[in-house]
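Below: one structure, written as C-alpha cells.
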Protein chains: 4
Amino acid sequence: MTETTDQHPKKLWGGRFAESTAPLVEQFNASVGFDRRLYEQDIRGSLAHVEMLGAAGILTGEEVAQIGAGLQDILSDIRAGAFEWRLDREDIHLNVEAALRDRIGPVAGKLHTARSRNDQVAVDFRLFTKEAALELADLTRALRAVMVSEAEKHLNSAGGTPVILPGYTHLQVAQPILLSHWFLAYAEMLARDEGRFRDAALRMDESPLGSSALAGTPWPIDRHAVAAALGFARPTANSLDGVGSRDFALEFLSACAILMAHLSRLSEETVLYSTFEFGFLTLPDSHTTGSSIMPQKKNPDVSELARGKAGRVFGNLMGLLTVVKGTPLAYNKDLQEDKEGVFDSFDTCAIVLKLYAEMLPKSVWNSETTLKAAGRGYSTATDLADHLARSGVPFREAHEVVGGLVGVASRSGRQLWELGDDEMRGAHPLLSAEIARSLTVESSVEGRQSYGGTSPVRVREAVAAAKEALRP
Amino acid sequence: MTETTDQHPKKLWGGRFAESTAPLVEQFNASVGFDRRLYEQDIRGSLAHVEMLGAAGILTGEEVAQIGAGLQDILSDIRAGAFEWRLDREDIHLNVEAALRDRIGPVAGKLHTARSRNDQVAVDFRLFTKEAALELADLTRALRAVMVSEAEKHLNSAGGTPVILPGYTHLQVAQPILLSHWFLAYAEMLARDEGRFRDAALRMDESPLGSSALAGTPWPIDRHAVAAALGFARPTANSLDGVGSRDFALEFLSACAILMAHLSRLSEETVLYSTFEFGFLTLPDSHTTGSSIMPQKKNPDVSELARGKAGRVFGNLMGLLTVVKGTPLAYNKDLQEDKEGVFDSFDTCAIVLKLYAEMLPKSVWNSETTLKAAGRGYSTATDLADHLARSGVPFREAHEVVGGLVGVASRSGRQLWELGDDEMRGAHPLLSAEIARSLTVESSVEGRQSYGGTSPVRVREAVAAAKEALRP
Amino acid sequence: MTETTDQHPKKLWGGRFAESTAPLVEQFNASVGFDRRLYEQDIRGSLAHVEMLGAAGILTGEEVAQIGAGLQDILSDIRAGAFEWRLDREDIHLNVEAALRDRIGPVAGKLHTARSRNDQVAVDFRLFTKEAALELADLTRALRAVMVSEAEKHLNSAGGTPVILPGYTHLQVAQPILLSHWFLAYAEMLARDEGRFRDAALRMDESPLGSSALAGTPWPIDRHAVAAALGFARPTANSLDGVGSRDFALEFLSACAILMAHLSRLSEETVLYSTFEFGFLTLPDSHTTGSSIMPQKKNPDVSELARGKAGRVFGNLMGLLTVVKGTPLAYNKDLQEDKEGVFDSFDTCAIVLKLYAEMLPKSVWNSETTLKAAGRGYSTATDLADHLARSGVPFREAHEVVGGLVGVASRSGRQLWELGDDEMRGAHPLLSAEIARSLTVESSVEGRQSYGGTSPVRVREAVAAAKEALRP
Amino acid sequence: MTETTDQHPKKLWGGRFAESTAPLVEQFNASVGFDRRLYEQDIRGSLAHVEMLGAAGILTGEEVAQIGAGLQDILSDIRAGAFEWRLDREDIHLNVEAALRDRIGPVAGKLHTARSRNDQVAVDFRLFTKEAALELADLTRALRAVMVSEAEKHLNSAGGTPVILPGYTHLQVAQPILLSHWFLAYAEMLARDEGRFRDAALRMDESPLGSSALAGTPWPIDRHAVAAALGFARPTANSLDGVGSRDFALEFLSACAILMAHLSRLSEETVLYSTFEFGFLTLPDSHTTGSSIMPQKKNPDVSELARGKAGRVFGNLMGLLTVVKGTPLAYNKDLQEDKEGVFDSFDTCAIVLKLYAEMLPKSVWNSETTLKAAGRGYSTATDLADHLARSGVPFREAHEVVGGLVGVASRSGRQLWELGDDEMRGAHPLLSAEIARSLTVESSVEGRQSYGGTSPVRVREAVAAAKEALRP
C-alpha cells in the first residue's frame, strides 16, 4: 500500500472545523486500508449514479461524460496498481472523489449531488456481499459436486463392490455404512449451505443508493433506474433502513459460520481417518506438510487449519452482532466495523471450499482397512436384535438379549459370529450359531434399504438424484 | 418437577453393563429436565411411527391400537400435569416408553421397532424448531403490523399534520424526518426477519424419522408416509445427515440473533427517547417500573431488558456453533446441548415481540418536543447546500460554503434562518436572508420526495404498500 | 416453585404509578425464578446491614432484633422449602422484604434504610460469584491432584516400568512419551485455571453495599463494618462503580470458559483414546452409557457431553459481554441478565470437574496397546536425526537424511529399525544398521532428559514437585 | 510486503515428500503474512538459544559467533525494511532460518539443534503476548491517571465549586452526582483492567523453549538459562503443555474483551453526553469529524468507533476459544490461528486507550447544563424520603409518601421544591414547604457522605487516594 499524508490535509467535510484532525484520530478513523477492496463496487456505483443524474437532467451530458471518463481512468489505474491511496483521504469514497477532482477539476464535485457517503458505502458493501454470497453458493455447489462424484466413485472399489466404512455414533463403531453414503451426507449439508447463501443474496438484492444521508433527497433522482443498472432487483423502500441496516451482512456471516461448522466436522473426520490408528485415508503429499524436526511426519495441515478457521468465522459473526447491538438509527460510525469480518469470512470460506474440492479426489481410501474396522465393535448387533424382533420378540426384549450376548462375546474376546450354538440358544430359543454366522458387515449394509438408508440400492439412487439436482 | 429415582434403576440399554451408572453421571446425562418440553412432538412422532408400522404390517392392528391408546393416555396425563417424570429414565423418550410399558406391558417394547433415539430426538426437535420458526415469523409479522399502524397513526397528529422527528446519524441531529418514516424503517427490518424465519422453516421441513441410529433400517418402513403424517414436506435423503446435522437449529438461532439485534436497536431508541433529555416519548405506566429507593423513578425496564436479552440469544448461537464445531459424524452426545438454547431463544424472542406489540400503541409521542428537536443542530443545512447545487455550484463547493455559515451561526448561537443578508451573500452571491428563512423543518421534510424518502407523499405511499403487503 | 400472584398486587415502588403493571411485563421483569438462588447471600447481606444500622444508632436495638429474627425465620423456611415465592413480588429482594413485613409488620420497612436494590443485588451477586470462584478453584485443584496421582500411578505399570503413550502433534504419532507426562500436562493447565479463579476472587473481594442507588447515602453508615461482617476484604471505593460494574462476573465467566476449553481437550482425547481404533483407554461402566438400539454400544457420554458443554460456557461469556457492551452508567435493567449465565457456568464447571475426578481413577489404560502404538509412525526418527547432529552434521542436513530414510522404510512397509546396513550407510556414512536397531521407544523416552521433558527421571521429579505444590 | 516464490521451492521439511505442495495449500498454510510481526521475538529467542547451545558445548564458539552475527544482520535488515519475505518459506521461522543459510551457509542448520518450530513459535508468541499485556497495563494505567486528573480538575469549576452531573439509572435521572465521581468510577474499572493484564503477564511468564516438538530433547540444554536470558521468570514445567497450551492468549484476550466492554460504556456515555439533547460535553474538533453531505455535522467518531470495536475484540476471544475447543494435545495446526486475534486486540485496545487519554482532557463539560439537568426528574426525591425516615417513619412508608408527592408535582408540571405547605403536610404531617425548598441538588450531593459516596468531601479523599495509588 502506497500511502501519503499531507501535512495539513483539507478534509472534504472540514468547512466548519477550526482545528485539524489529530493524527491518531486520522489513523483510527481511516478505513481506506481495508475498504479500498470495494473499489470496483464503488466506481460501478458512481458510474450508475452519474448516468442517472444525467438522464434526470441534473447534470449535463458533458458533465456526465467528464466524470464518467475520469472514473474509468481511476478504475484502470487501481486495477493496474498505479493508484496512490491516501490515508488522509479516509476511505475509498473520498480517495476516489479527491482523485477525480485532481484529474478533472471542480466538476468532480457534482458527482456527490443527491447522495451521501452513507448510501454510497451501503450500496458498495451490498454489491460486494451479494456477489460474495453468490460466489460462495457456487463454490459450495462445486464441493457438493465433488462429494457426489466421490460417492459415485466409491460405489465400485477394486473388487467392483462398494467401499464399506464403519459408521460411528459417539465415535464408537455403530453400524457399517457405505463410504458413498458418508460422502452424500456432506453433500446434503452443502446443499443447505448453498441454499442459505442464495436466500441471503435474494433478500439483500436491493439498492440503497438514493437514501442519501438518511432521509432521501430533494433531487429528482430515479432510484429504480440506478438499482437496475447495478443489477439489483429493486431499491430499498425506506431510506433510514437503507443506510442504517446491516442484517444482510449478519445473514451472510451466519451462513458462513454454519458452512464452517460443517467443514470443521469434515476436517475432524479427515484428520481422524488419516491417523495411524484409524488408517482409513491417505491424503496426497501435495496437500500435507512435514515437520521441521520430525523427519517422518506427514501432517493433515489443510484439515486442521480449516477446522481452526471455523474460529475466525464464528468470531466475525459474534463481532458484527456486537457492533449492531444497541445502536440507534440510522448510521453510526460503529458500522464501519462491518467490512473486515465479511471480507475475511468470504476469503476463508472460499479457500477452504476450494482446497477440499482439490484434496478429496486426490485422497486414497484404504478400503481393506475400513472394511475390517467396520466389523469391529459388534457393529452388527442391531441386526441380530432386529432379527429377533422380526420373529415377534418386542424390540426392547430383543435389545436386552443381544446386549447380554455382546457382553459374553466381549468378555471372551470374540466376535458375535464366533458365538456357539449353546450360547446363542441359551440367550434366546429363537437364536442359533447359524444366525450368528450370518451377521456379516456386507449383509448388514445390504439390509438397510429404508429410504435414505445405506444399502447400496438406496445409495445408488441417491447418487443419481444428487447428480440430477446438480445438473445446470 | 416431580422426580423420583429408583435405587438401582434398570436402564433400557443396560444389557451389557456390569456396573450401574454413577449417580453424578445420571444427573449429568439426564436431559428430561429440559427435553420433556418436547412431549407433544415426541408422542406425535411415536403415533405416526406406530401407525406406519401397522400399515406396513410390522405390527398388528391390535398392537397399534394398544400402543396408540397408551400414548394418548400418557399425553393426557402430561397435559394435565399428572405425569411423573423420572430423572433415572434419562430423557423424554425413555420416560414415555417406560411409562408405556408400565401401562400396557411388554408390547410397549414394539414401539421402538425400526427406530432409534437418534432419529427420534431429531424428529422431535425438528418439529419443535419448525413450529417455533413459524410462530416467530407470525409474531414478527404482528409487530410489523403494529409498526405500520403506528406509522399510519402518526401521519396525522393533533393538527392534522405528520409528526416530525429529528433524524440522527452518529446520534447527532442530521435531518428532520417523519415519525412514520421511523416506524416504517423497523417494519422493513421485521419483514426481512420474518423472511429468515420462513426460509429456515422451509429448509428444515424434512422428517429424519426412519434414519434409525445412523444407517437406516432393514425394516420395510414407509418414511414418506411418516413425514406426511407429521406435516413435513418430505423425509431427509440421507440417514447420517438426518441424525447428525443441526444446521436447522443454527439457522433458527441465527435468525433469532439478527431479530434481537434489531430489537436491541429499537430498545436503545426507546430508552433514549424516553429520557428527560430527549423527552420524545412517554411510555405507559403499565410497561414501566419504579425504584425501591427513588420514589420519582419511572424506568423503561421492558426496553432495557429486551436490549440486554440480545446477549443471551447471541450467546445461545455461539454456544451451539461451538458444540457442533469439530464433531465427527453422525450423532455425538454433545448434540444433547442443542435444545436449551433453542428453547430459550424462542421464548425470549416471542415475549419481546409481544411486549413491543403491546407497548408501542400505548406509548405517547410528544410531537411538540420532537418538532422542536428536529430543528436543532442546523438540520436543514443540507437543504441549503442542495439549493446552491441546484443553481449549478458543484456540491462539494456548496457543502463548504454552508459549512462556513454553520460555523458563523454556531459561534454566535443562532440558527441558520437567523443569519443576515450580508452574512449570507458574503458566503456566496447566490444566497440571501430570504433563502435562509425558507429553511424550515417542514419544507425540508416535504422536499425529500425521492423513492423511499421521508416526504409525506412518499411515506403515505409506503404505508399503503406496507398495509397491502400485510394483507392476509 | 410455588408461585402465586395477587389480582392487583401493590408494588413496593408503586407510589406514583396510575396504572398497574401489565401481566406480560410482570412475567418478563420478574427475576425471582432464578435470583432466589441467592437467598442465602441476600439474607446474610440484610443481617449484616441491619446489625450495622443498629450499631450506628440508625435503628434501635429492638428494631434490629425484630428484623433479625424475622429474617432468620424466613431463611429457615426457605431452607426447608416452606417459603412461598411470588412472581408478583418480582425478585428475591422484594420477596424477602414483603415476607418480612407480613411477619413483623411495618418495622420491616426500616430494613431498606440506607440501601437500594441496586447495591443489594450487587452485594448478593458478588458474594455468590466470589464463593463460586473459590469453589471452582478448589474443585480444579482436586482434579489436578487426581492428575498428579494418576501420573504417579502410571510411573509403574505391571512390569514396574512407566506406561508409554504415543505423543501426538497434528494427531499423527510424533514421539513416544510417558502417560504420566500426559497427565502432568493437564495438571499444569489446571494449576493455571485455579490461579485464574483465585485471582478473580481476590479482585472482586469488595463489598458494594452502602453504594445505595448509585451515589451513596446521607445516612451515617459504616461500610467497612458491613464489608468485614460479610467476609469482604474492603468496601468498593466508588458508588457508581459499585452498583454498575459487572467485570467481576465477566472475569469469572472468562476463567470458566478457559477451564472448559481445557476440559474439552481432555474430553476429546478421552473420546479418541477409548475408540476401538485407538484402544488405549477403557472407561468404567459406571461412567459410560449404552444405546437404545445398538445393544453392543458403550459410549463415552461424560466426555462428549463435557466437550459439548464448553459451548454453553463460551455462550454465557459472550452473552454477558454483549449485555454490558454500550450500556451507560450506572445500573440498567439489562444487568439483570448477569446471573443465569454465572449460575449455569458454575454448575457446569463444577459437575464436569467432579466427574473427571471420579472417572479417571476408574479408567484403565491398556499399556500394551499404547506401547505398540508409540512405536508406530517412525516416532523415533527425530532421535536418529539428533544422533547424526551430535556427530557434527548440521541438524537441517540430518533432518533431510532421515526424512529420506523414512521414505525408504515407508514405501517398503518397514520400521526404521528394520533398515539394512547398506540402506543406512547409503543415506549417510555415519549411519549403520546397529544404530537403526537402537532406536527403540524406550530409549527415545529415556533420552529426553531436558527440564520439562518426558524422560522418566524428569517425570518423577515433576510428580514430586507437583505433589509438593499440592500440599495443603 | 515483498514476497517471492520459487517455482519449485524445496521445503526444509520436505525430505520424505514425493510431490510438491499445491499452490493453494502454500497460500493457505503460509503464516508469514502475519507472523513476521514476531521477528524481534523470533530472533531474540534464536540468539538466546544459540548462546546456550554454545555454553552447553553443543556448538563451538565459532559456530555461535557465526550464527549470532548472521541473525543480527537479518534483524537489521528487517528493521530497515530491507528483508525479502517469502511466502514459500511459510512462516517467520523458516524465513529467518533460510535467510541465515543463504548468508552463512550450512552451519545455519545447527541453529535448529534441540528445538522445534513448535517450541519456537510458542516462545515467540509468549514473548509478544507478555509484552503486549504489560504495555496494555501501562496504557490502562495512563488512562486511569487521566481519569483521576480530570476528576481533580472538575472538583473546581469556574465558580470554585465542583461540577455536578445528573447520575442515571435506567438512563433516567436518578440522583445528582459530582462529575469527578463519574470520572473516578472509570478509574476504578481501569484499575481492575490493569490488574487483569498484570496477572495474565505473571501467569504466562514461563519459557517453553526447550520443549522441542512436544517431548523435550535429548540434548543437554539449559532451559533455565534460556528462560533467564529472555527475561522469563522460569521455564514451563511440562513440554506437552509448553507447546500445546494457549490459555495465556485466551486470558490476554479475555482481559482485552473486558477492557473494551468498559471502554464501550465510556464511549456510549461520551456519545450521549455530546448530543444536542444532553448537551453536557463538547468534544474537541481534533477528535471529531464532519459529514460529506451535511455541512453542520460534528460527529463523535472516535467514541462510536471505539464502541464498535468492542465487537472485533469480543469476536477475537470467541474465535480463539473455538479454535482451542476439542483439540487433542499437543500441537495442532489449528493453533496457527492464535496470532491474528491477539495482534488485532492488542492494537485495538492500545489505540483506543491512547485516544481517550488524548481526547478527554481536551473535552469541555458544560457545567451549567449538567447542573440544570441534575435537578430534573425529581432527583432529590430520595433525600425527602430519607428525611422522613430519619424522623422514624419506616423507609417503605416514606418512599410511598414521596412517590405520591412526585405524582402530584409531575401532574402539575412542578418541581418538588415548588410544592405548597398544604400539599406537603397533606402528604405527611412531618413535611412542610420549607423542607421542600431545602431539597436542592447541591445539598443532595453534599449529604452523600458514606464511604465511596458522591459528597465532595468523600470525592476529594478518593482523588487523593487514587493519586497516591498511581504514584510510581
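Chain labels follow the order of the C-alpha cells: the first chain is A, the next B, and so on; residue numbering restarts at 1 in every chain, and ligands are counted from 1 in their shown order.
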Proximity check chain A to chain D, 6 Å, nearest pairs one decimal Å, only C-alpha atoms, as JSON lines:
{"residue": "A:Trp13", "atom": "CA", "partner": "D:Ser292", "partner_atom": "CA", "distance": 5.2}
{"residue": "A:Glu19", "atom": "CA", "partner": "D:Asp285", "partner_atom": "CA", "distance": 5.5}
{"residue": "A:Ser20", "atom": "CA", "partner": "D:Ser286", "partner_atom": "CA", "distance": 5.5}
{"residue": "A:Thr21", "atom": "CA", "partner": "D:Ser286", "partner_atom": "CA", "distance": 4.2}
{"residue": "A:Ala22", "atom": "CA", "partner": "D:Ser286", "partner_atom": "CA", "distance": 5.0}
{"residue": "A:Ser116", "atom": "CA", "partner": "D:Ile293", "partner_atom": "CA", "distance": 5.6}
{"residue": "A:Asp285", "atom": "CA", "partner": "D:Glu19", "partner_atom": "CA", "distance": 5.5}
{"residue": "A:Ser286", "atom": "CA", "partner": "D:Thr21", "partner_atom": "CA", "distance": 4.3}
{"residue": "A:Gly290", "atom": "CA", "partner": "D:Trp13", "partner_atom": "CA", "distance": 5.2}
{"residue": "A:Ser291", "atom": "CA", "partner": "D:Trp13", "partner_atom": "CA", "distance": 5.4}
{"residue": "A:Ser292", "atom": "CA", "partner": "D:Trp13", "partner_atom": "CA", "distance": 5.2}
{"residue": "A:Ile293", "atom": "CA", "partner": "D:Ser116", "partner_atom": "CA", "distance": 5.5}
{"residue": "A:Asp301", "atom": "CA", "partner": "D:Lys333", "partner_atom": "CA", "distance": 5.8}
{"residue": "A:Glu304", "atom": "CA", "partner": "D:Asp334", "partner_atom": "CA", "distance": 5.2}
{"residue": "A:Leu305", "atom": "CA", "partner": "D:Asp334", "partner_atom": "CA", "distance": 4.7}
{"residue": "A:Gly308", "atom": "CA", "partner": "D:Asp334", "partner_atom": "CA", "distance": 4.3}
{"residue": "A:Gly311", "atom": "CA", "partner": "D:Gly319", "partner_atom": "CA", "distance": 4.0}
{"residue": "A:Arg312", "atom": "CA", "partner": "D:Gly319", "partner_atom": "CA", "distance": 4.8}
{"residue": "A:Gly315", "atom": "CA", "partner": "D:Gly315", "partner_atom": "CA", "distance": 3.9}
{"residue": "A:Asn316", "atom": "CA", "partner": "D:Gly315", "partner_atom": "CA", "distance": 5.7}
{"residue": "A:Met318", "atom": "CA", "partner": "D:Gly315", "partner_atom": "CA", "distance": 5.3}
{"residue": "A:Gly319", "atom": "CA", "partner": "D:Gly311", "partner_atom": "CA", "distance": 4.0}
{"residue": "A:Thr322", "atom": "CA", "partner": "D:Gly311", "partner_atom": "CA", "distance": 4.8}
{"residue": "A:Val323", "atom": "CA", "partner": "D:Gly308", "partner_atom": "CA", "distance": 4.8}
{"residue": "A:Lys333", "atom": "CA", "partner": "D:Glu304", "partner_atom": "CA", "distance": 5.4}
{"residue": "A:Asp334", "atom": "CA", "partner": "D:Gly308", "partner_atom": "CA", "distance": 4.3}
request  = Find the spatial neighbours of Glu40 in chain C, counting only C-alpha atoms, within a cut-off of 10 Å - ignore same-chain residues fewer than 2 positions away - and output them as a list in words.
outcome  =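 So, after excluding close chain neighbours, the residues are Arg36, Arg37, Leu38, Asp42, Ile43, Arg44, Gly45, Ser46, Leu75, Ile78, Arg79, Asp124, Leu127 and Phe128 of chain C.
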Pick from A:Val50, A:Leu360, A:Leu430, A:Leu353, whichever lies nearest to Asp138 in chain A using only C-alpha atoms =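 The closest residue to Asp138 in chain A is A:Leu353.
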task = List every residue of range 20-189 of chain C that DSSP, applied to the backbone of this structure, places in alpha helix (DSSP H), and write the result as JSON, numbers by chain.
result = {"C": [23, 24, 25, 26, 27, 28, 29, 32, 33, 34, 35, 39, 40, 41, 42, 43, 44, 45, 46, 47, 48, 49, 50, 51, 52, 53, 54, 55, 61, 62, 63, 64, 65, 66, 67, 68, 69, 70, 71, 72, 73, 74, 75, 76, 77, 78, 79, 92, 93, 94, 95, 96, 97, 98, 99, 100, 101, 102, 103, 104, 117, 118, 119, 120, 121, 122, 123, 124, 125, 126, 127, 128, 129, 130, 131, 132, 133, 134, 135, 136, 137, 138, 139, 140, 141, 142, 143, 144, 145, 146, 147, 148, 149, 150, 151, 152, 153, 179, 180, 181, 182, 183, 184, 185, 186, 187, 188, 189]}
key: Close residues, Lys130 in chain B itself excluded, 10 Å, only C-alpha atoms, min 3 positions apart in chain, as a VMD selection string   = chain B and resid 125 to 127 133 to 136 197 to 198 200 to 206 232 248 to 249 252
query = CA of Ser455 in chain A and CA of Arg141 in chain A, how far apart in Å?
reply = 25.3 Å
Contacts of Gly453 in chain B within 6 Å, only C-alpha atoms, excl. fewer than 2 positions in-chain, as a PDB file with N, CA, C and O atoms, in the first residue's frame:
ATOM      1  N   ALA A 215     -32.466  10.406   4.885  1.00  0.00           N
ATOM      2  CA  ALA A 215     -33.865  10.810   4.748  1.00  0.00           C
ATOM      3  C   ALA A 215     -34.338  10.867   3.312  1.00  0.00           C
ATOM      4  O   ALA A 215     -35.450  11.291   3.035  1.00  0.00           O
ATOM      5  N   GLY A 216     -33.476  10.440   2.384  1.00  0.00           N
ATOM      6  CA  GLY A 216     -33.800  10.665   0.977  1.00  0.00           C
ATOM      7  C   GLY A 216     -33.287  12.030   0.557  1.00  0.00           C
ATOM      8  O   GLY A 216     -32.609  12.714   1.339  1.00  0.00           O
ATOM      9  N   SER A 239     -35.508   4.914   3.499  1.00  0.00           N
ATOM     10  CA  SER A 239     -34.146   5.453   3.458  1.00  0.00           C
ATOM     11  C   SER A 239     -33.378   5.243   4.761  1.00  0.00           C
ATOM     12  O   SER A 239     -32.170   5.003   4.743  1.00  0.00           O
TER      13      SER A 239
ATOM     14  N   ARG B 448     -38.035  15.919   0.491  1.00  0.00           N
ATOM     15  CA  ARG B 448     -37.307  14.654   0.248  1.00  0.00           C
ATOM     16  C   ARG B 448     -38.229  13.610  -0.377  1.00  0.00           C
ATOM     17  O   ARG B 448     -38.646  12.645   0.242  1.00  0.00           O
ATOM     18  N   GLN B 449     -38.508  13.849  -1.641  1.00  0.00           N
ATOM     19  CA  GLN B 449     -39.509  13.048  -2.342  1.00  0.00           C
ATOM     20  C   GLN B 449     -38.922  11.903  -3.153  1.00  0.00           C
ATOM     21  O   GLN B 449     -39.628  11.263  -3.942  1.00  0.00           O
ATOM     22  N   SER B 450     -37.639  11.665  -3.034  1.00  0.00           N
ATOM     23  CA  SER B 450     -37.091  10.503  -3.749  1.00  0.00           C
ATOM     24  C   SER B 450     -37.743   9.240  -3.192  1.00  0.00           C
ATOM     25  O   SER B 450     -38.197   9.211  -2.046  1.00  0.00           O
ATOM     26  N   TYR B 451     -37.784   8.194  -4.012  1.00  0.00           N
ATOM     27  CA  TYR B 451     -38.401   6.940  -3.579  1.00  0.00           C
ATOM     28  C   TYR B 451     -37.736   6.449  -2.302  1.00  0.00           C
ATOM     29  O   TYR B 451     -36.517   6.419  -2.212  1.00  0.00           O
ATOM     30  N   SER B 455     -40.444  12.344   2.678  1.00  0.00           N
ATOM     31  CA  SER B 455     -41.519  13.271   2.345  1.00  0.00           C
ATOM     32  C   SER B 455     -42.889  12.629   2.602  1.00  0.00           C
ATOM     33  O   SER B 455     -43.093  11.443   2.318  1.00  0.00           O
TER      34      SER B 455
END
query = Where in range 260-420 of chain A does DSSP assign strand (DSSP E), given as JSON, numbers by chain?
reply = {"A": [281, 282, 364, 365]}
Export of prior selection with N, CA and C atoms as a JSON list (two decimals), in the first residue's frame:
[["chain", "number", "residue", "atom", "x", "y", "z"],
["A", 281, "LEU", "N", -7.49, -43.32, 5.51],
["A", 281, "LEU", "CA", -7.39, -42.31, 4.45],
["A", 281, "LEU", "C", -5.93, -41.89, 4.28],
["A", 282, "THR", "N", -5.47, -41.87, 3.04],
["A", 282, "THR", "CA", -4.14, -41.34, 2.76],
["A", 282, "THR", "C", -4.30, -40.04, 1.99],
["A", 364, "VAL", "N", -6.76, -41.09, -0.98],
["A", 364, "VAL", "CA", -6.98, -42.52, -1.22],
["A", 364, "VAL", "C", -7.59, -43.16, 0.02],
["A", 365, "TRP", "N", -8.69, -43.86, -0.20],
["A", 365, "TRP", "CA", -9.34, -44.58, 0.90],
["A", 365, "TRP", "C", -8.83, -46.01, 0.92]]
inquiry  = Excluding Arg458 in chain A and its own-chain neighbours fewer than 2 positions away, which residues fall within 12 Å of it when counting only C-alpha atoms? Please give them as an MDAnalysis selection string.
reply    = (chainID A and resid 155 177:178 180:181 184 445:456 460:465) or (chainID B and resid 215:218 237:239)
Write a file of the just-selected residues containing C-alpha atoms, as an mmCIF file, in the first residue's frame.
data_model
loop_
_atom_site.group_PDB
_atom_site.id
_atom_site.type_symbol
_atom_site.label_atom_id
_atom_site.label_comp_id
_atom_site.auth_asym_id
_atom_site.auth_seq_id
_atom_site.Cartn_x
_atom_site.Cartn_y
_atom_site.Cartn_z
ATOM 1 C CA LEU A 155 -19.636 -47.399 -5.187
ATOM 2 C CA ILE A 177 -22.134 -47.920 6.135
ATOM 3 C CA LEU A 178 -21.037 -47.237 2.590
ATOM 4 C CA SER A 180 -20.509 -43.272 -0.604
ATOM 5 C CA HIS A 181 -23.225 -42.767 1.965
ATOM 6 C CA LEU A 184 -23.618 -37.973 0.418
ATOM 7 C CA VAL A 445 -25.256 -52.843 4.843
ATOM 8 C CA GLU A 446 -27.288 -54.627 2.251
ATOM 9 C CA GLY A 447 -30.258 -54.788 4.532
ATOM 10 C CA ARG A 448 -30.685 -51.113 5.346
ATOM 11 C CA GLN A 449 -32.977 -50.386 2.471
ATOM 12 C CA SER A 450 -35.225 -47.809 4.047
ATOM 13 C CA TYR A 451 -35.337 -44.515 2.143
ATOM 14 C CA GLY A 452 -32.176 -42.561 2.931
ATOM 15 C CA GLY A 453 -30.515 -45.704 4.273
ATOM 16 C CA THR A 454 -27.052 -47.022 3.499
ATOM 17 C CA SER A 455 -27.988 -50.041 1.401
ATOM 18 C CA PRO A 456 -26.208 -49.946 -1.995
ATOM 19 C CA ARG A 460 -27.122 -45.638 -5.979
ATOM 20 C CA GLU A 461 -30.499 -43.965 -6.246
ATOM 21 C CA ALA A 462 -29.289 -41.146 -4.016
ATOM 22 C CA VAL A 463 -26.229 -40.575 -6.185
ATOM 23 C CA ALA A 464 -28.405 -40.439 -9.254
ATOM 24 C CA ALA A 465 -30.773 -37.986 -7.618
ATOM 25 C CA ALA B 215 -27.650 -46.017 8.747
ATOM 26 C CA GLY B 216 -31.324 -46.577 8.093
ATOM 27 C CA THR B 217 -33.129 -49.760 8.994
ATOM 28 C CA PRO B 218 -33.804 -53.146 7.393
ATOM 29 C CA ALA B 237 -32.488 -38.040 1.982
ATOM 30 C CA ASN B 238 -29.501 -39.340 3.923
ATOM 31 C CA SER B 239 -29.660 -41.125 7.229
#
ask   = For Pro235 in chain B, which residue among B:Leu111, B:Ala98, B:Ala122, B:Cys349 is the nearest when counting only C-alpha atoms?
value =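 Closest to Pro235 in chain B, using only C-alpha atoms: B:Ala122.
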